[in-house]
Each structure stands twice: as C-alpha cells, then as structure tokens.
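Structure below is model_19.txt: compact mmCIF, C-alpha atoms.
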```txt
# COMPACT_ATOMS: atom_id res chain seq x y z
CA MET A 1 105.49 200.26 9.72
CA ILE A 2 108.16 198.82 7.41
CA ASN A 3 106.90 197.68 4.02
CA TRP A 4 109.23 194.75 3.43
CA ARG A 5 107.73 193.97 0.05
CA VAL A 6 108.76 197.37 -1.33
CA ILE A 7 112.16 197.29 0.39
CA LEU A 8 112.99 193.82 -0.98
CA SER A 9 111.75 194.85 -4.44
CA ILE A 10 114.08 197.87 -4.47
CA ALA A 11 116.97 195.75 -3.12
CA LYS A 12 116.37 193.23 -5.91
CA THR A 13 116.31 196.00 -8.54
CA HIS A 14 119.66 197.34 -7.27
CA LEU A 15 121.25 193.89 -7.35
CA VAL A 16 119.97 193.13 -10.86
CA SER A 17 120.97 196.52 -12.26
CA LYS A 18 124.55 196.06 -11.00
CA ARG A 19 124.99 192.45 -12.01
CA LYS A 20 128.77 192.59 -12.25
CA GLN A 21 129.21 193.84 -8.68
CA THR A 22 126.49 191.48 -7.42
CA ILE A 23 128.07 188.44 -9.08
CA THR A 24 131.52 189.44 -7.81
CA ALA A 25 130.24 189.78 -4.24
CA GLY A 26 128.34 186.50 -4.51
CA LEU A 27 131.38 184.69 -5.87
CA GLY A 28 133.46 186.08 -2.99
CA VAL A 29 131.08 184.41 -0.55
CA THR A 30 130.81 181.27 -2.69
CA PHE A 31 134.53 180.61 -2.97
CA GLY A 32 135.18 181.69 0.61
CA ILE A 33 132.63 179.20 1.97
CA GLY A 34 133.56 176.57 -0.64
CA ALA A 35 137.24 176.81 0.27
CA TYR A 36 136.36 176.64 3.98
CA ILE A 37 134.21 173.51 3.55
CA THR A 38 136.82 171.80 1.37
CA LEU A 39 139.72 172.61 3.66
CA VAL A 40 138.06 171.80 6.97
CA CYS A 41 136.55 168.53 5.66
CA PHE A 42 139.88 167.42 4.21
CA MET A 43 142.07 168.48 7.15
CA THR A 44 139.78 167.03 9.83
CA GLY A 45 139.44 163.86 7.76
CA LEU A 46 143.23 163.62 7.56
CA ASN A 47 143.58 164.26 11.28
CA GLY A 48 140.93 161.63 11.97
CA MET A 49 142.80 159.12 9.84
CA LEU A 50 146.04 159.80 11.72
CA ASP A 51 144.21 159.59 15.05
CA ASP A 52 142.65 156.26 14.10
CA LEU A 53 146.02 154.97 12.94
CA ILE A 54 147.38 155.37 16.48
CA LEU A 55 144.35 155.38 18.75
CA ASN A 56 142.60 152.34 17.26
CA GLN A 57 145.66 150.27 18.13
CA THR A 58 146.05 151.77 21.60
CA PRO A 59 143.77 150.66 24.45
CA HIS A 60 142.27 153.36 26.63
CA ILE A 61 144.03 151.69 29.57
CA HIS A 62 146.90 149.19 29.32
CA ILE A 63 147.41 147.08 32.46
CA PHE A 64 150.61 145.07 32.96
CA ASN A 65 153.33 144.14 35.45
CA GLU A 66 156.31 146.46 35.17
CA ILE A 67 159.79 145.59 36.42
CA GLU A 68 160.96 148.50 38.57
CA PRO A 69 163.16 149.17 41.61
CA SER A 70 161.62 148.55 45.03
CA GLN A 71 160.30 151.66 46.67
CA GLU A 72 161.95 150.65 49.97
CA GLN A 73 165.16 148.60 50.14
CA PRO A 74 165.67 145.89 52.82
CA LEU A 75 168.59 147.83 54.36
CA GLU A 76 166.35 150.87 54.81
CA GLN A 77 163.76 148.70 56.53
CA LYS A 78 166.31 147.33 59.01
CA PHE A 79 168.00 150.65 59.85
CA LYS A 80 165.15 153.14 59.57
CA ASP A 81 166.82 155.92 61.59
CA ALA A 82 170.29 155.46 60.12
CA LEU A 83 171.90 157.14 57.13
CA THR A 84 172.23 154.52 54.40
CA GLN A 85 173.84 154.62 50.98
CA ILE A 86 172.74 152.03 48.43
CA HIS A 87 174.55 151.50 45.13
CA SER A 88 173.58 149.45 42.05
CA ILE A 89 169.97 149.01 43.08
CA ARG A 90 168.51 146.04 41.27
CA PRO A 91 164.88 145.80 40.15
CA LYS A 92 162.45 143.89 42.27
CA GLN A 93 161.90 140.36 41.04
CA ARG A 94 158.36 140.19 39.66
CA LYS A 95 156.58 137.79 37.39
CA LYS A 96 155.55 139.04 33.97
CA ASN A 97 152.04 137.69 34.29
CA ILE A 98 149.18 139.40 36.11
CA HIS A 99 148.10 137.57 39.25
CA ASN A 100 144.40 136.60 39.19
CA ALA A 101 143.99 138.22 35.78
CA PHE A 102 140.56 136.79 34.92
CA PRO A 103 138.89 137.86 38.19
CA LEU A 104 140.32 141.32 37.51
CA ILE A 105 138.91 141.24 33.97
CA GLN A 106 135.52 140.21 35.34
CA ASN A 107 135.66 143.06 37.85
CA LEU A 108 136.44 145.52 35.05
CA ALA A 109 133.63 144.13 32.91
CA ASN A 110 131.19 144.91 35.75
CA ASN A 111 132.32 148.55 35.76
CA ARG A 112 129.72 150.68 33.97
CA ASP A 113 132.42 152.86 32.41
CA VAL A 114 134.17 149.88 30.79
CA MET A 115 133.13 148.71 27.32
CA ALA A 116 135.52 145.76 27.20
CA ALA A 117 138.57 144.31 28.98
CA LEU A 118 140.57 141.88 26.86
CA PRO A 119 143.46 139.64 27.99
CA GLN A 120 146.71 139.30 26.06
CA VAL A 121 149.85 137.22 26.40
CA SER A 122 153.05 138.86 25.23
CA ALA A 123 156.19 136.84 24.48
CA GLN A 124 159.68 137.84 23.36
CA ILE A 125 160.61 135.50 20.49
CA PHE A 126 162.90 134.96 17.52
CA TYR A 127 161.47 134.45 14.02
CA ILE A 128 163.35 131.70 12.20
CA SER A 129 163.09 131.06 8.46
CA GLY A 130 165.96 129.08 6.99
CA SER A 131 169.18 130.83 7.99
CA ILE A 132 167.38 134.11 8.82
CA GLU A 133 166.67 134.85 12.48
CA LEU A 134 164.98 138.04 13.70
CA GLY A 135 164.01 139.20 17.17
CA GLY A 136 160.40 140.14 17.72
CA ASN A 137 157.30 140.02 19.84
CA LEU A 138 154.43 137.56 19.58
CA THR A 139 151.16 138.62 21.18
CA GLY A 140 148.37 136.20 21.98
CA ILE A 141 144.91 137.72 21.52
CA LEU A 142 141.23 136.88 21.32
CA PRO A 143 140.78 137.61 17.58
CA ASN A 144 137.01 138.10 17.43
CA GLU A 145 136.96 140.44 20.43
CA GLU A 146 139.92 142.45 19.10
CA VAL A 147 138.06 142.94 15.81
CA THR A 148 134.89 144.04 17.63
CA TYR A 149 136.40 146.51 20.08
CA PHE A 150 139.72 147.63 18.54
CA ASN A 151 139.02 147.44 14.76
CA PHE A 152 141.82 144.91 14.44
CA ASP A 153 140.64 143.74 11.01
CA LYS A 154 141.37 147.18 9.47
CA TYR A 155 145.09 146.43 9.58
CA VAL A 156 145.02 142.92 8.12
CA VAL A 157 146.12 143.21 4.49
CA SER A 158 146.08 139.48 3.67
CA GLY A 159 143.95 136.74 5.21
CA THR A 160 141.51 137.31 8.07
CA PRO A 161 142.05 137.65 11.84
CA GLN A 162 139.19 135.21 12.44
CA ALA A 163 141.40 132.46 10.97
CA LEU A 164 143.48 132.65 14.17
CA GLU A 165 140.43 131.39 16.02
CA ASN A 166 139.83 128.46 13.70
CA THR A 167 143.37 127.39 12.75
CA PRO A 168 145.53 125.86 15.50
CA ASN A 169 149.21 126.87 15.69
CA SER A 170 148.73 129.83 13.36
CA ILE A 171 150.21 133.32 13.23
CA LEU A 172 149.25 136.72 11.83
CA LEU A 173 152.66 137.95 10.74
CA GLY A 174 153.81 141.58 10.76
CA ALA A 175 154.29 142.98 7.24
CA GLY A 176 157.87 144.02 7.97
CA VAL A 177 158.82 140.55 9.17
CA ALA A 178 157.09 138.92 6.18
CA LYS A 179 158.93 141.20 3.75
CA LYS A 180 162.35 140.62 5.32
CA MET A 181 161.87 136.85 5.31
CA SER A 182 160.07 136.66 1.94
CA LEU A 183 157.08 134.92 3.48
CA SER A 184 153.41 135.02 2.51
CA VAL A 185 150.06 133.55 3.57
CA GLY A 186 150.16 129.74 3.65
CA ASP A 187 153.88 129.52 4.47
CA ARG A 188 155.24 128.25 7.77
CA ILE A 189 157.60 130.02 10.11
CA GLN A 190 159.38 128.79 13.22
CA VAL A 191 159.44 130.86 16.38
CA ARG A 192 161.77 130.34 19.31
CA THR A 193 161.21 131.64 22.82
CA ALA A 194 163.92 133.02 25.11
CA SER A 195 163.96 129.66 26.95
CA GLY A 196 164.76 127.81 23.70
CA VAL A 197 161.35 126.30 22.85
CA VAL A 198 160.86 126.13 19.06
CA LYS A 199 157.41 125.89 17.47
CA PRO A 200 156.36 125.97 13.79
CA LEU A 201 153.39 128.21 13.02
CA LYS A 202 151.30 128.55 9.88
CA ILE A 203 150.95 132.06 8.44
CA ILE A 204 147.22 132.74 7.98
CA GLY A 205 147.49 136.49 7.38
CA ILE A 206 149.69 139.58 7.14
CA PHE A 207 149.30 142.48 9.56
CA GLN A 208 150.28 146.07 8.66
CA SER A 209 149.62 148.94 11.04
CA GLY A 210 151.38 151.66 9.04
CA VAL A 211 153.93 152.14 11.84
CA THR A 212 157.22 150.59 10.70
CA GLU A 213 158.49 149.96 14.25
CA ILE A 214 155.43 147.80 14.92
CA ASP A 215 155.30 145.96 11.59
CA ASN A 216 158.97 144.98 11.80
CA VAL A 217 158.61 143.38 15.24
CA PHE A 218 155.06 142.44 16.18
CA SER A 219 152.97 139.49 15.14
CA TYR A 220 149.79 137.98 16.57
CA SER A 221 148.48 134.54 17.40
CA ASN A 222 145.66 132.96 19.35
CA ILE A 223 146.11 133.45 23.09
CA LYS A 224 146.03 129.67 23.69
CA THR A 225 148.80 129.12 21.13
CA VAL A 226 151.10 131.60 22.89
CA GLN A 227 150.32 130.11 26.31
CA GLN A 228 151.24 126.67 24.99
CA LEU A 229 154.41 128.06 23.40
CA LEU A 230 155.49 129.46 26.77
CA GLY A 231 154.42 126.31 28.62
CA GLU A 232 151.99 128.26 30.76
CA PRO A 233 148.42 127.47 31.90
CA GLN A 234 145.31 129.14 30.50
CA SER A 235 145.23 131.53 33.45
CA TYR A 236 148.55 133.06 32.32
CA VAL A 237 147.96 136.66 31.13
CA THR A 238 150.62 139.36 30.79
CA ASP A 239 148.50 142.31 29.64
CA ILE A 240 144.93 143.55 29.89
CA ASN A 241 143.65 146.10 27.37
CA VAL A 242 140.66 148.15 28.48
CA LYS A 243 138.31 150.14 26.27
CA LEU A 244 135.99 152.69 27.87
CA PHE A 245 132.78 154.29 26.73
CA ASP A 246 134.32 157.69 27.52
CA MET A 247 138.06 157.97 26.82
CA GLU A 248 138.32 161.05 29.08
CA LYS A 249 137.81 158.84 32.16
CA ALA A 250 140.90 156.75 31.37
CA GLY A 251 143.27 158.86 33.51
CA SER A 252 141.29 158.65 36.76
CA LEU A 253 140.43 154.97 36.32
CA SER A 254 144.06 154.02 35.56
CA ARG A 255 145.26 155.68 38.78
CA LYS A 256 142.56 153.87 40.73
CA LEU A 257 143.57 150.51 39.24
CA GLU A 258 147.24 151.07 40.08
CA GLU A 259 146.43 151.77 43.72
CA GLN A 260 143.96 148.91 44.02
CA TYR A 261 145.87 146.09 42.31
CA ASP A 262 149.54 147.16 42.57
CA LEU A 263 149.90 146.99 38.77
CA LYS A 264 151.04 149.45 36.13
CA ALA A 265 148.09 151.03 34.32
CA ILE A 266 148.86 153.52 31.54
CA ASP A 267 146.04 155.59 30.09
CA ILE A 268 145.87 156.45 26.40
CA LYS A 269 146.77 160.14 26.80
CA THR A 270 149.90 159.34 28.77
CA ALA A 271 150.94 156.70 26.24
CA ASN A 272 150.41 159.08 23.30
CA ALA A 273 151.27 162.48 24.82
CA GLN A 274 153.41 163.61 21.87
CA PHE A 275 150.82 162.47 19.34
CA GLU A 276 148.06 164.34 21.22
CA THR A 277 150.13 167.53 21.04
CA GLY A 278 150.61 167.11 17.28
CA THR A 279 146.88 166.57 16.78
CA THR A 280 146.03 169.72 18.75
CA ILE A 281 148.46 171.82 16.70
CA ARG A 282 147.13 170.45 13.39
CA ASN A 283 143.56 171.24 14.45
CA LEU A 284 144.52 174.78 15.47
CA ILE A 285 146.17 175.38 12.09
CA THR A 286 143.15 173.95 10.26
CA TYR A 287 140.60 176.16 12.02
CA ALA A 288 142.86 179.25 11.90
CA VAL A 289 143.21 178.99 8.11
CA SER A 290 139.50 178.23 7.70
CA ILE A 291 138.40 181.25 9.75
CA THR A 292 140.85 183.44 7.82
CA LEU A 293 139.21 182.39 4.55
CA LEU A 294 135.78 183.33 5.87
CA ILE A 295 136.98 186.70 7.19
CA VAL A 296 138.64 187.53 3.86
CA ALA A 297 135.37 186.74 2.09
CA GLY A 298 133.54 189.08 4.54
CA PHE A 299 135.91 191.97 3.80
CA GLY A 300 135.40 191.42 0.07
CA ILE A 301 131.64 191.79 0.51
CA TYR A 302 132.13 194.91 2.63
CA ASN A 303 134.26 196.61 -0.02
CA ILE A 304 131.83 195.78 -2.84
CA LEU A 305 128.78 197.00 -0.90
CA ASN A 306 130.64 200.14 0.15
CA MET A 307 131.39 200.95 -3.50
CA LEU A 308 127.80 200.09 -4.43
CA ILE A 309 126.51 202.72 -2.01
CA TYR A 310 128.72 205.43 -3.50
CA GLU A 311 127.46 204.51 -6.95
CA LYS A 312 123.86 204.65 -5.70
CA MET A 313 124.05 208.13 -4.14
CA ASN A 314 121.52 209.51 -6.59
CA ASP A 315 119.14 206.63 -5.94
CA ILE A 316 119.47 207.16 -2.19
CA ALA A 317 118.73 210.87 -2.57
CA ILE A 318 115.65 210.14 -4.71
CA LEU A 319 114.40 207.53 -2.23
CA LYS A 320 114.72 209.95 0.68
CA ALA A 321 113.16 212.79 -1.33
CA THR A 322 110.13 210.63 -2.13
CA GLY A 323 109.46 209.83 1.52
CA PHE A 324 111.70 206.91 2.42
CA SER A 325 113.29 207.29 5.84
CA GLY A 326 116.94 206.72 6.66
CA LYS A 327 115.99 203.44 8.33
CA ASP A 328 114.22 202.29 5.13
CA VAL A 329 117.36 203.03 3.10
CA GLN A 330 119.47 201.14 5.63
CA TYR A 331 117.16 198.12 5.40
CA ILE A 332 117.36 198.18 1.60
CA PHE A 333 121.15 197.90 1.56
CA MET A 334 121.24 195.38 4.40
CA SER A 335 118.70 193.27 2.51
CA GLN A 336 121.06 193.27 -0.46
CA ALA A 337 123.89 192.01 1.75
CA ILE A 338 121.73 189.25 3.25
CA ILE A 339 120.52 188.14 -0.20
CA ILE A 340 124.12 187.95 -1.42
CA GLY A 341 125.04 186.02 1.74
CA ILE A 342 122.23 183.47 1.32
CA LEU A 343 122.79 182.86 -2.40
CA GLY A 344 126.60 182.88 -2.13
CA GLY A 345 126.55 180.75 1.01
CA VAL A 346 124.29 178.06 -0.48
CA LEU A 347 126.38 177.95 -3.66
CA GLY A 348 129.51 177.82 -1.47
CA LEU A 349 128.16 174.76 0.37
CA ILE A 350 127.46 173.06 -2.95
CA VAL A 351 130.92 173.91 -4.33
CA GLY A 352 132.58 172.75 -1.09
CA PHE A 353 130.61 169.50 -1.10
CA LEU A 354 131.47 168.77 -4.75
CA LEU A 355 135.18 169.50 -4.19
CA SER A 356 135.16 167.34 -1.05
CA MET A 357 133.53 164.49 -2.97
CA ALA A 358 136.15 164.85 -5.71
CA ILE A 359 138.95 164.58 -3.11
CA ASP A 360 137.16 161.69 -1.40
CA ASN A 361 137.23 159.74 -4.66
CA THR A 362 140.83 160.60 -5.54
CA PRO A 363 143.06 157.48 -5.29
CA PHE A 364 145.51 157.54 -2.40
CA VAL A 365 148.11 154.79 -2.69
CA THR A 366 150.86 154.30 -0.12
CA GLU A 367 152.62 151.20 1.14
CA ALA A 368 152.45 152.48 4.70
CA LEU A 369 148.61 152.50 4.68
CA PRO A 370 147.45 149.73 2.35
CA THR A 371 143.90 149.63 3.72
CA ILE A 372 143.28 153.29 2.74
CA THR A 373 142.49 153.68 -0.96
CA THR A 374 141.29 157.31 -1.22
CA TYR A 375 142.05 160.60 0.52
CA PRO A 376 140.17 160.92 3.83
CA ILE A 377 137.27 163.39 4.06
CA ASN A 378 135.15 164.18 7.10
CA HIS A 379 131.60 165.03 5.91
CA ASN A 380 130.47 166.39 9.26
CA PRO A 381 127.16 168.34 8.88
CA VAL A 382 128.36 170.75 11.59
CA PHE A 383 130.92 172.19 9.14
CA TYR A 384 128.16 173.02 6.67
CA ILE A 385 126.04 174.65 9.38
CA ILE A 386 129.03 176.72 10.53
CA GLY A 387 129.70 177.73 6.92
CA ILE A 388 126.21 179.03 6.16
CA VAL A 389 125.85 180.72 9.56
CA PHE A 390 129.19 182.49 9.14
CA ALA A 391 128.22 183.54 5.61
CA LEU A 392 125.06 185.18 6.96
CA ILE A 393 126.87 186.83 9.88
CA ALA A 394 129.72 188.08 7.67
CA THR A 395 127.40 189.51 5.04
CA PHE A 396 125.19 191.07 7.73
CA PHE A 397 128.06 193.04 9.23
CA ALA A 398 129.58 193.67 5.80
CA GLY A 399 126.27 195.30 4.79
CA TYR A 400 125.49 196.93 8.14
CA PHE A 401 128.28 199.52 8.20
CA PRO A 402 127.86 200.74 4.58
CA ALA A 403 124.06 200.74 5.06
CA ARG A 404 124.40 202.84 8.21
CA LYS A 405 126.46 205.31 6.19
CA ALA A 406 123.73 205.42 3.51
CA ARG A 407 121.15 206.12 6.22
CA LYS A 408 122.96 209.34 7.21
CA ILE A 409 123.29 210.73 3.66
CA ASP A 410 121.62 214.15 3.21
CA PRO A 411 119.64 214.09 -0.08
CA VAL A 412 119.68 217.91 -0.36
CA GLN A 413 123.49 218.03 -0.58
CA ILE A 414 123.52 215.30 -3.25
CA ILE A 415 120.87 217.03 -5.37
CA ARG A 416 122.66 220.38 -5.06
CA GLY A 417 125.91 218.74 -6.12
CA GLN A 418 124.21 217.50 -9.27
```

Would you kindly transcribe this structure into structure tokens?
Amino acid sequence: MINWRVILSIAKTHLVSKRKQTITAGLGVTFGIGAYITLVCFMTGLNGMLDDLILNQTPHIHIFNEIEPSQEQPLEQKFKDALTQIHSIRPKQRKKNIHNAFPLIQNLANNRDVMAALPQVSAQIFYISGSIELGGNLTGILPNEEVTYFNFDKYVVSGTPQALENTPNSILLGAGVAKKMSLSVGDRIQVRTASGVVKPLKIIGIFQSGVTEIDNVFSYSNIKTVQQLLGEPQSYVTDINVKLFDMEKAGSLSRKLEEQYDLKAIDIKTANAQFETGTTIRNLITYAVSITLLIVAGFGIYNILNMLIYEKMNDIAILKATGFSGKDVQYIFMSQAIIIGILGGVLGLIVGFLLSMAIDNTPFVTEALPTITTYPINHNPVFYIIGIVFALIATFFAGYFPARKARKIDPVQIIRGQ
C-alpha cells in the first residue's frame, strides 16, 4: 500500500532543497498560463467587439422586395417550343414596399424561433443644408423596439434614440453627414425625396456605427415620419428585420420565407460571409498562439524535472536501498510535478486576471468607435478552467516521463560509481 504522507513529504523536501529549480519551473507554468489567459481574454474580447460592431446592426434575416429580371419572359411563355433570343432584358416592375407587411410580421411573431420582427421604411433622399446637398438614405424605425432587440442605443453618440418617438419630424443623423454639413443636435436639416418632396427635420441625435460607409449615408427617423415624407399610408413597409433566438436557424427560415411569400430574405451569414471568414481566421490564430504558449511551458517543466532527476541520482539510490520501490520513486517525482503545476497554475490564473484587468482599464480612444472607452476583454470563466486543467495535464506528462526513468534506475550501479 502506498504511503502518500511519506511520498509527499519527500517530494516537498526535494522541492524545498532545490528552490532555484523549483521556482524556475513554477514561474514557467505561471507565465505560460498567465500569458495564455491574457492573450485569449484580450483576443476573444477584441473579436467579440468586432462581431458586435457588425452583427448588432445586422438582422438575422432581412426581408425586402428586390428588383430583379423575370424568371420567364412573355415571349418564352407564348412560344414555349421555339428557340428564342432575348436582348436587353429589363427588370420586372415591382413595388418597393412589402405587400401585407403587418400580417406577415404577425405571422413571424407567432413563430417560436422568432424573438422579434420589426418593420422599417427605407427612402432614398438628399440632405440639404444651405448650399450643400448630399445623397443618402433615411430609414424609418420603431426606436424603442430597435433599442431592445438590436442594441441601437449603443451607436448613438449624442442625444437619445427614444427622442425619435417623442419628437415629431425629427431625425437621428449619421455622424458622417453631420460632420460634412457642420450640424449638431438641435439644428434643422431639410431632406428631399426622389419625387421632389422637401421636409425640414429637427436633429435630435447623432448616430455613429463605426463603419464609414454607413455613417456617411444613413440616418434614422420615426417610421411614421418617413411614411408621411413619402406620402404613403401607415401600412407601407419596405423592410422587415427579424431577430431569432438561435442565429443558426436563420438560413433555413430565410429560404422558407422566400418560397412562401415570394420575397427576398437574406440571412445574416450570407450578408456577412466575408466577415465570418475573417472572424474564423482570427479565432484560429488566437487559439493556436495560446496553445503554443501552454506547450512551451510544458516543455520547460519537462526539462527542469529531467535535470532534477539527474541531480537526485544519489537520493534515488538511497531511497531504493532503504526499501522504496521503483513505483514509490516514480510517485515522488510525479508528485513534485503536480505540486509545481498546481502552484504555478493558480499563480498563472492570478497573473493573467490582473493583466487582463489592467488592459480592461486601459483607455482606448478612437473616432471610429466613440462608445468604446477601454480595450475589450472577455472574462469568460471557461478560459480559466482550460488554463488550470492544461497546467495540470502538462505538468503531469512533463513529470511522468522523467519519473518513469527514475523508476528504472539501478541503485547498485549508482553506489558503485560513487
């Protein structure tokens, strides 16, 4: 029967007597785990920030009417068995609005996979301020619902989106448009539709997404204001944005909606295919570098324990000569490795947490992302669990192979050599 009290006592004596090697091995684990925690928390936090920047503004499914060529031309319908050549095919004439939009929204709301379905009215306009005239897009929204389901308020740098609900004939102006026209909250701007209707709107806030192409073109208003600007009834809706409980179901549901309602429905992965690829690559790089750090720390422990065994040859010989079996000797050296792994791993978690907190409180100032004030950090407990588990696994194997070598040492040969 193994006497663990004696084995752990001997392992402790070895570690204390060789403090320099013990501290070096422990620090290898500490900085390996600390660097892993710091890197993975920072990189995943950064990736999460970039994901939110795009994905929070993108509905899981975007439903709209798309102008596209007819699948079957009238000439082909008349002469089905004849060879026809058609040149300069023109798009099919379709209205921009979605027919029976609100019954469709109600139908989506009854779907158990759908969290919310919000109507929007999109209008091509010109911003007019004095002699300056810029082309853009004005989108009518339900402000409170957009804040609740799409975190719309995160991108409002001046004013509040709720003011759109309470202030008639108001606009939440894109930061790029506001900068070009030298406008601020409280000013008035005129907008003109493609049909020539001009309407003055009060600026109640400034919107900045961090994407220049959006901020230089897009602005937002209450959906009723945009409907009135276009001279359309309250049933006029050009877009429906759908948010699901599970984003992975967006692809199948979008295809089903296209077939059922003869509308264009684009899921979030299709709309952001290039961005998804970039995110995947960044995550692969993050985890590859993190795992490399942990493996390097494991090899450091292996080398130190290997050298420790060579230095302890006399001790091993004495232990075996006094009745300790090869298995007992193996357990002694493996216990040392596990002790180093536990102490170094715990210290590594503390160091990683402190470094992550330091980064999390470091100011991060950029005009592109005004709502973000510090560097992003993802304090996911899973990273800490992975760190300590890997520290124990790495030190176990780093101690196992040298300990197995110590188990096979013949004490007679060592004593004779002395």

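Separating CA of Leu263 in chain A from CA of Phe152 in chain A is a distance of 25.7 Å.
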
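Note that CA of Thr58 in chain A and CA of Thr374 in chain A are 24.0 Å apart.
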
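Taking all atoms listed in the file into account, Val156 in chain A lies nearest to A:Ile372 out of the set A:Ile359, A:Ile338, A:Val226, A:Ile372.
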
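With distances taken over all atoms listed in the file, A:Arg192 is the one residue among A:Arg112, A:Arg192, A:Arg19, A:Arg407 lying closest to Leu138 in chain A.
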
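Of the listed residues (A:Phe353, A:Met334, A:Thr395, A:Ala271), A:Met334 comes nearest to Ile7 in chain A; the distances count only C-alpha atoms.
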
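Closest to Phe390 in chain A among A:Ile37, A:Asn361, A:Asn97, A:Ser122 is A:Ile37, based on all atoms listed in the file.
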
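Proximity ranking of A:Phe218, A:Tyr236, A:Tyr384, A:Phe245 relative to Ala178 in chain A places A:Phe218 first, based on all atoms listed in the file.
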
Worksheet item: What does the distance from CA of Leu27 in chain A to CA of Ser356 in chain A come to in Å, to one decimal?
Response: 18.4 Å

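If all atoms listed in the file are the atoms counted, then among A:Val177, A:Leu343, A:Leu230, A:Ile268 the closest residue to Glu213 in chain A is A:Val177.
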
Within 10 Å of Asp153 in chain A, counting all atoms listed in the file, which residues qualify if same-chain residues fewer than 4 places away don't, as a PDB file with C-alpha atoms, in the frame of the given file?
```pdb
ATOM      1  CA  PRO A 143     140.780 137.610  17.580  1.00  0.00           C
ATOM      2  CA  ASN A 144     137.010 138.100  17.430  1.00  0.00           C
ATOM      3  CA  GLU A 146     139.920 142.450  19.100  1.00  0.00           C
ATOM      4  CA  VAL A 147     138.060 142.940  15.810  1.00  0.00           C
ATOM      5  CA  THR A 148     134.890 144.040  17.630  1.00  0.00           C
ATOM      6  CA  VAL A 157     146.120 143.210   4.490  1.00  0.00           C
ATOM      7  CA  GLY A 159     143.950 136.740   5.210  1.00  0.00           C
ATOM      8  CA  THR A 160     141.510 137.310   8.070  1.00  0.00           C
ATOM      9  CA  PRO A 161     142.050 137.650  11.840  1.00  0.00           C
ATOM     10  CA  GLN A 162     139.190 135.210  12.440  1.00  0.00           C
ATOM     11  CA  PHE A 207     149.300 142.480   9.560  1.00  0.00           C
ATOM     12  CA  THR A 371     143.900 149.630   3.720  1.00  0.00           C
TER      13      THR A 371
END
```

Fill in: Within 10 Å of Gly135 in chain A using only C-alpha atoms, minus same-chain residues under 5 positions, as a count of residues only
12

Discussion item. Neighbouring residues of Ile291 in chain A were defined as those with any atom within 12 Å, considering all atoms listed in the file; residues of the same chain fewer than 3 positions away were excluded. Please report them as number ranges by chain.
Written reply: A: 32-33, 35-37, 39-40, 284-288, 294-298, 383, 386-387, 390-391, 394

Item to complete: Name all residues at most 9 Å from Met43 in chain A (count all atoms listed in the file; drop same-chain ones fewer than 3 positions away) and give them as a ChimeraX atom specification.
Response: /A:38-40,46-48,282-283,286,376-378
